[in-house]
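Structure file protein_30.txt (compact mmCIF, C-alpha atoms) is printed below.
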```
# COMPACT_ATOMS: atom_id res chain seq x y z
CA MET Z 1 6.35 212.89 -323.53
CA HIS Z 2 9.54 214.73 -322.75
CA LEU Z 3 9.76 217.10 -319.75
CA HIS Z 4 12.35 219.81 -319.69
CA LYS Z 5 14.89 219.76 -316.85
CA TYR Z 6 13.41 222.90 -315.21
CA GLU Z 7 9.87 221.52 -315.47
CA LYS Z 8 10.99 218.44 -313.55
CA VAL Z 9 12.64 220.58 -310.87
CA TRP Z 10 9.53 222.74 -310.36
CA LEU Z 11 7.21 219.74 -310.45
CA THR Z 12 9.31 218.02 -307.78
CA PHE Z 13 9.42 221.21 -305.69
CA GLY Z 14 5.63 221.63 -305.92
CA MET Z 15 4.89 218.02 -305.00
CA ALA Z 16 7.36 218.10 -302.09
CA SER Z 17 5.79 221.34 -300.80
CA LEU Z 18 2.33 219.76 -300.93
CA VAL Z 19 3.48 216.67 -299.04
CA ILE Z 20 5.20 218.79 -296.35
CA PHE Z 21 2.09 220.97 -295.98
CA LEU Z 22 -0.18 217.93 -295.57
CA LEU Z 23 2.19 216.40 -293.01
CA ILE Z 24 2.17 219.61 -290.95
CA ILE Z 25 -1.64 219.82 -291.06
CA GLY Z 26 -1.95 216.14 -290.15
CA PHE Z 27 0.48 216.55 -287.26
CA ALA Z 28 -1.44 219.55 -285.90
CA ALA Z 29 -4.85 217.94 -286.28
CA PHE Z 30 -4.19 214.41 -285.11
CA TRP Z 31 -1.08 214.41 -282.93
CA LYS Z 32 -1.53 217.81 -281.24
CA GLY Z 33 -5.34 217.58 -281.20
CA THR Z 34 -5.96 220.98 -282.78
CA HIS Z 35 -9.70 221.44 -283.34
CA PRO Z 36 -12.06 224.38 -283.91
CA GLN Z 37 -12.97 226.21 -280.70
CA SER Z 38 -16.59 225.17 -280.92
CA HIS Z 39 -15.59 221.50 -281.04
CA LEU Z 40 -15.43 221.12 -277.27
CA GLU Z 41 -18.97 221.73 -276.01
CA THR Z 42 -22.35 221.45 -277.68
CA ILE Z 43 -25.72 222.87 -276.70
CA ASP Z 44 -29.34 222.57 -277.82
CA GLN Z 45 -29.70 225.61 -280.07
CA ASN Z 46 -33.47 225.67 -279.58
CA ASN Z 47 -33.12 225.86 -275.79
CA VAL Z 48 -29.92 227.78 -275.01
CA GLU Z 49 -31.47 229.16 -271.81
CA ALA Z 50 -31.28 225.64 -270.32
CA HIS Z 51 -27.48 226.01 -270.13
CA ASP Z 52 -26.45 227.84 -266.96
CA SER Z 53 -24.21 230.34 -268.77
CA PHE Z 54 -26.98 231.51 -271.08
CA LYS Z 55 -29.84 231.97 -268.63
CA PRO Z 56 -31.09 235.58 -268.93
CA GLU Z 57 -29.80 236.48 -265.45
CA ASN Z 58 -26.30 235.20 -266.30
CA LEU Z 59 -25.83 237.08 -269.58
CA GLY Z 60 -23.35 239.92 -269.75
CA LEU Z 61 -20.29 240.76 -267.68
CA THR Z 62 -19.45 238.96 -264.43
CA GLU Z 63 -16.32 239.43 -262.33
CA VAL Z 64 -15.13 235.93 -261.36
CA ALA Z 65 -11.90 236.94 -259.57
CA ASP Z 66 -9.72 239.98 -259.09
CA GLY Z 67 -8.91 241.18 -262.63
CA LYS Z 68 -10.73 238.25 -264.27
CA TYR Z 69 -14.08 238.61 -266.00
CA LYS Z 70 -16.51 236.40 -267.90
CA VAL Z 71 -18.88 237.66 -270.60
CA ASN Z 72 -21.78 235.39 -271.59
CA ILE Z 73 -23.42 236.30 -274.91
CA VAL Z 74 -26.20 234.85 -277.05
CA ALA Z 75 -26.10 235.74 -280.74
CA SER Z 76 -29.34 235.61 -282.66
CA ALA Z 77 -30.99 237.27 -285.65
CA PHE Z 78 -29.11 240.57 -285.93
CA ASN Z 79 -28.46 240.98 -282.19
CA TYR Z 80 -25.88 240.22 -279.54
CA ASP Z 81 -27.64 239.68 -276.22
CA PHE Z 82 -25.31 241.05 -273.51
CA GLY Z 83 -28.13 240.90 -270.94
CA VAL Z 84 -30.02 243.80 -269.38
CA ASP Z 85 -29.04 246.58 -266.98
CA LYS Z 86 -30.75 247.58 -263.69
CA ASP Z 87 -33.47 249.42 -265.63
CA GLU Z 88 -34.19 246.31 -267.75
CA LYS Z 89 -32.73 247.99 -270.86
CA PRO Z 90 -30.53 245.92 -273.21
CA VAL Z 91 -26.80 246.28 -272.56
CA LYS Z 92 -24.81 247.23 -275.66
CA THR Z 93 -21.46 248.11 -274.02
CA ILE Z 94 -19.23 245.86 -271.92
CA ARG Z 95 -16.87 247.85 -269.64
CA VAL Z 96 -13.68 246.23 -268.28
CA PRO Z 97 -10.54 247.67 -266.66
CA GLN Z 98 -7.30 247.80 -268.62
CA GLY Z 99 -5.11 244.73 -268.13
CA SER Z 100 -7.99 242.48 -267.11
CA THR Z 101 -8.46 238.98 -268.47
CA VAL Z 102 -11.83 238.45 -270.15
CA LEU Z 103 -13.34 235.08 -271.10
CA PHE Z 104 -15.91 235.53 -273.86
CA THR Z 105 -18.45 232.67 -273.93
CA ILE Z 106 -20.92 232.81 -276.80
CA THR Z 107 -23.44 230.68 -278.67
CA SER Z 108 -25.97 231.16 -281.45
CA LYS Z 109 -29.68 230.38 -281.54
CA ASP Z 110 -30.21 230.44 -285.28
CA VAL Z 111 -27.44 230.72 -287.91
CA VAL Z 112 -23.66 231.02 -288.07
CA HIS Z 113 -22.49 234.39 -286.74
CA GLY Z 114 -19.09 235.94 -286.23
CA PHE Z 115 -17.84 237.65 -283.08
CA GLN Z 116 -14.97 240.05 -283.49
CA VAL Z 117 -13.79 242.78 -281.14
CA ALA Z 118 -12.16 245.05 -283.70
CA GLY Z 119 -8.68 246.20 -282.71
CA THR Z 120 -8.02 243.16 -280.50
CA ASN Z 121 -7.23 239.51 -281.19
CA VAL Z 122 -10.77 238.40 -280.22
CA ASN Z 123 -12.29 236.74 -283.28
CA MET Z 124 -14.59 233.71 -283.23
CA MET Z 125 -17.03 231.89 -285.45
CA VAL Z 126 -20.26 231.31 -283.54
CA GLU Z 127 -22.11 228.21 -284.68
CA PRO Z 128 -25.60 227.13 -283.63
CA GLY Z 129 -25.43 224.17 -281.28
CA HIS Z 130 -21.87 224.93 -280.15
CA ILE Z 131 -20.35 227.05 -277.39
CA SER Z 132 -17.37 229.15 -278.43
CA ARG Z 133 -14.91 230.50 -275.85
CA TYR Z 134 -12.01 232.92 -276.18
CA GLU Z 135 -9.89 234.37 -273.38
CA ALA Z 136 -8.11 237.66 -273.98
CA VAL Z 137 -6.14 240.17 -271.96
CA MET Z 138 -7.47 243.65 -272.66
CA LYS Z 139 -4.17 245.55 -272.80
CA ASN Z 140 -5.14 248.80 -274.53
CA LYS Z 141 -7.54 251.47 -273.32
CA GLY Z 142 -10.32 252.59 -275.62
CA GLU Z 143 -13.64 251.69 -277.19
CA PHE Z 144 -13.64 248.63 -279.42
CA THR Z 145 -16.53 247.77 -281.72
CA VAL Z 146 -17.99 244.28 -281.58
CA VAL Z 147 -19.03 243.18 -285.06
CA CYS Z 148 -20.50 240.11 -286.69
CA ASN Z 149 -17.99 239.17 -289.38
CA GLU Z 150 -20.02 236.30 -290.85
CA TYR Z 151 -22.93 237.27 -293.11
CA CYS Z 152 -26.04 236.18 -291.20
CA GLY Z 153 -28.88 237.70 -293.19
CA ILE Z 154 -30.46 240.93 -294.32
CA GLY Z 155 -30.01 242.74 -290.98
CA HIS Z 156 -26.37 241.68 -290.60
CA HIS Z 157 -25.12 245.28 -290.62
CA GLN Z 158 -27.19 246.05 -287.48
CA MET Z 159 -25.40 243.44 -285.38
CA PHE Z 160 -22.87 245.29 -283.24
CA GLY Z 161 -21.91 246.28 -279.70
CA LYS Z 162 -18.96 247.80 -277.83
CA VAL Z 163 -16.24 246.76 -275.43
CA GLU Z 164 -14.90 249.70 -273.45
CA VAL Z 165 -11.53 249.26 -271.75
CA TYR Z 166 -10.96 251.95 -269.11
```

Any chance you could put this one into structure tokens?
Amino acid sequence: MHLHKYEKVWLTFGMASLVIFLLIIGFAAFWKGTHPQSHLETIDQNNVEAHDSFKPENLGLTEVADGKYKVNIVASAFNYDFGVDKDEKPVKTIRVPQGSTVLFTITSKDVVHGFQVAGTNVNMMVEPGHISRYEAVMKNKGEFTVVCNEYCGIGHHQMFGKVEVY
């Protein structure tokens, strides 16, 4: 079989590109230790309340230092549990000052969910049995919708909340 000169050039270019791509991925994964966020800490998905961060009294927003906040969230069938307010009503809005650093800590009880604060760089996959964390500086004022960006079932469209930066 005879290959044309240009076919050989493009075949060589394609193979070289593939090898370079695989070397870069291998370097990032094995040498640099790049892993999915949920790789670091696991949890019993049937008993998430046993973990200190996900006890009902610890859910929601907590100020840990001046300008630093932590938000503990449990995702389950079509709901983000941000905790309850003083009147024992479910919290659906997290309010933080502009410029503050927020650590989002989230897990799932049932299926894979997504956690995205639209308009920011906060975007995580939430897997059952794993704890996902993402730290972000909330630079812009406004209301940002929290959405589940992984299809989780028939009520997926009802899974939302808000982050208000004031």

Check: Hey, which of Z:Gln45, Z:Thr105, Z:Asn121, Z:Thr145 ends up closest to Z:Ser76? Count only C-alpha atoms.
Finding: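 Once distances to Z:Ser76 are computed over only C-alpha atoms, the minimum belongs to Z:Gln45.
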
Item checked: Distance in Å - atom CA of Z:His157 versus atom CA of Z:Tyr80 ->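 Atom-to-atom, atom CA of Z:His157 to atom CA of Z:Tyr80, that is 12.2 Å.
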
Next item on the list: Could you tell me how far atom CA of Z:Leu61 lies from atom CA of Z:Phe82, in Å and to one decimal?
Entry: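 Separating atom CA of Z:Leu61 from atom CA of Z:Phe82 is a distance of 7.7 Å.
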
Next item on the list: Name the residues in contact with Z:Pro56 at a cut-off of 10 Å, using all atoms listed in the file, excluding same-chain residues fewer than 3 positions from it; report them as a VMD selection string.
Entry: chain Z and resid 48 to 49 52 to 53 59 to 60 72 to 74 81 to 84

Notebook entry, point to check: What does the distance from atom CA of Z:Phe144 to atom CA of Z:Met159 come to in Å, to one decimal?
Noted result: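 Straight-line distance from atom CA of Z:Phe144 to atom CA of Z:Met159 works out to 14.2 Å.
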
Notebook entry, point to check: Of the residues Z:Leu103, Z:Val147, Z:Val64, Z:Val71, which is the one nearest to Z:Glu135, using all atoms listed in the file?
Noted result: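 Counting all atoms listed in the file, the residue closest to Z:Glu135 is Z:Leu103.
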
Next item on the list: Skip stretch 94-99 of chain Z itself and residues of its chain fewer than 4 positions away, then list as a VMD selection string all residues within 10 Å of it, counting only C-alpha atoms.
Entry: chain Z and resid 60 to 61 63 67 to 69 71 82 136 to 144 146 161 to 166

Checklist line | Nearest residue to Z:Ala77 from the set Z:Gln116, Z:Thr42, Z:Thr93, Z:Ser108 (distances using all atoms listed in the file) | finding: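 With all atoms listed in the file as the atom set, the closest residue is Z:Ser108.
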
Next item on the list: Show which residues sit within 12 Å of Z:Tyr151, as an NGL selection string. Count all atoms listed in the file, and ignore same-chain residues fewer than 6 positions away.
Entry: :Z and (77-78 or 111-115 or 125-126 or 157-159)

Next item on the list: Counting all atoms listed in the file, figure out which residue out of Z:His130, Z:Lys55, Z:Lys92, Z:His156 gets nearest to Z:Lys109.
Entry: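 Closest residue, counting all atoms listed in the file: Z:His130.
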
Check: Which is closest to Z:Met124 among Z:Leu40, Z:Ile154, Z:Pro90, Z:Phe104, if we use only C-alpha atoms?
Finding: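 Residue with the minimum atom-to-atom distance to Z:Met124: Z:Phe104.
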
Item checked: Which of Z:Lys86, Z:Val122, Z:Asn46, Z:Ala16 sits closest to Z:Thr101 [using only C-alpha atoms] ->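 Of Z:Lys86, Z:Val122, Z:Asn46, Z:Ala16, the one nearest Z:Thr101 is Z:Val122, counting only C-alpha atoms.
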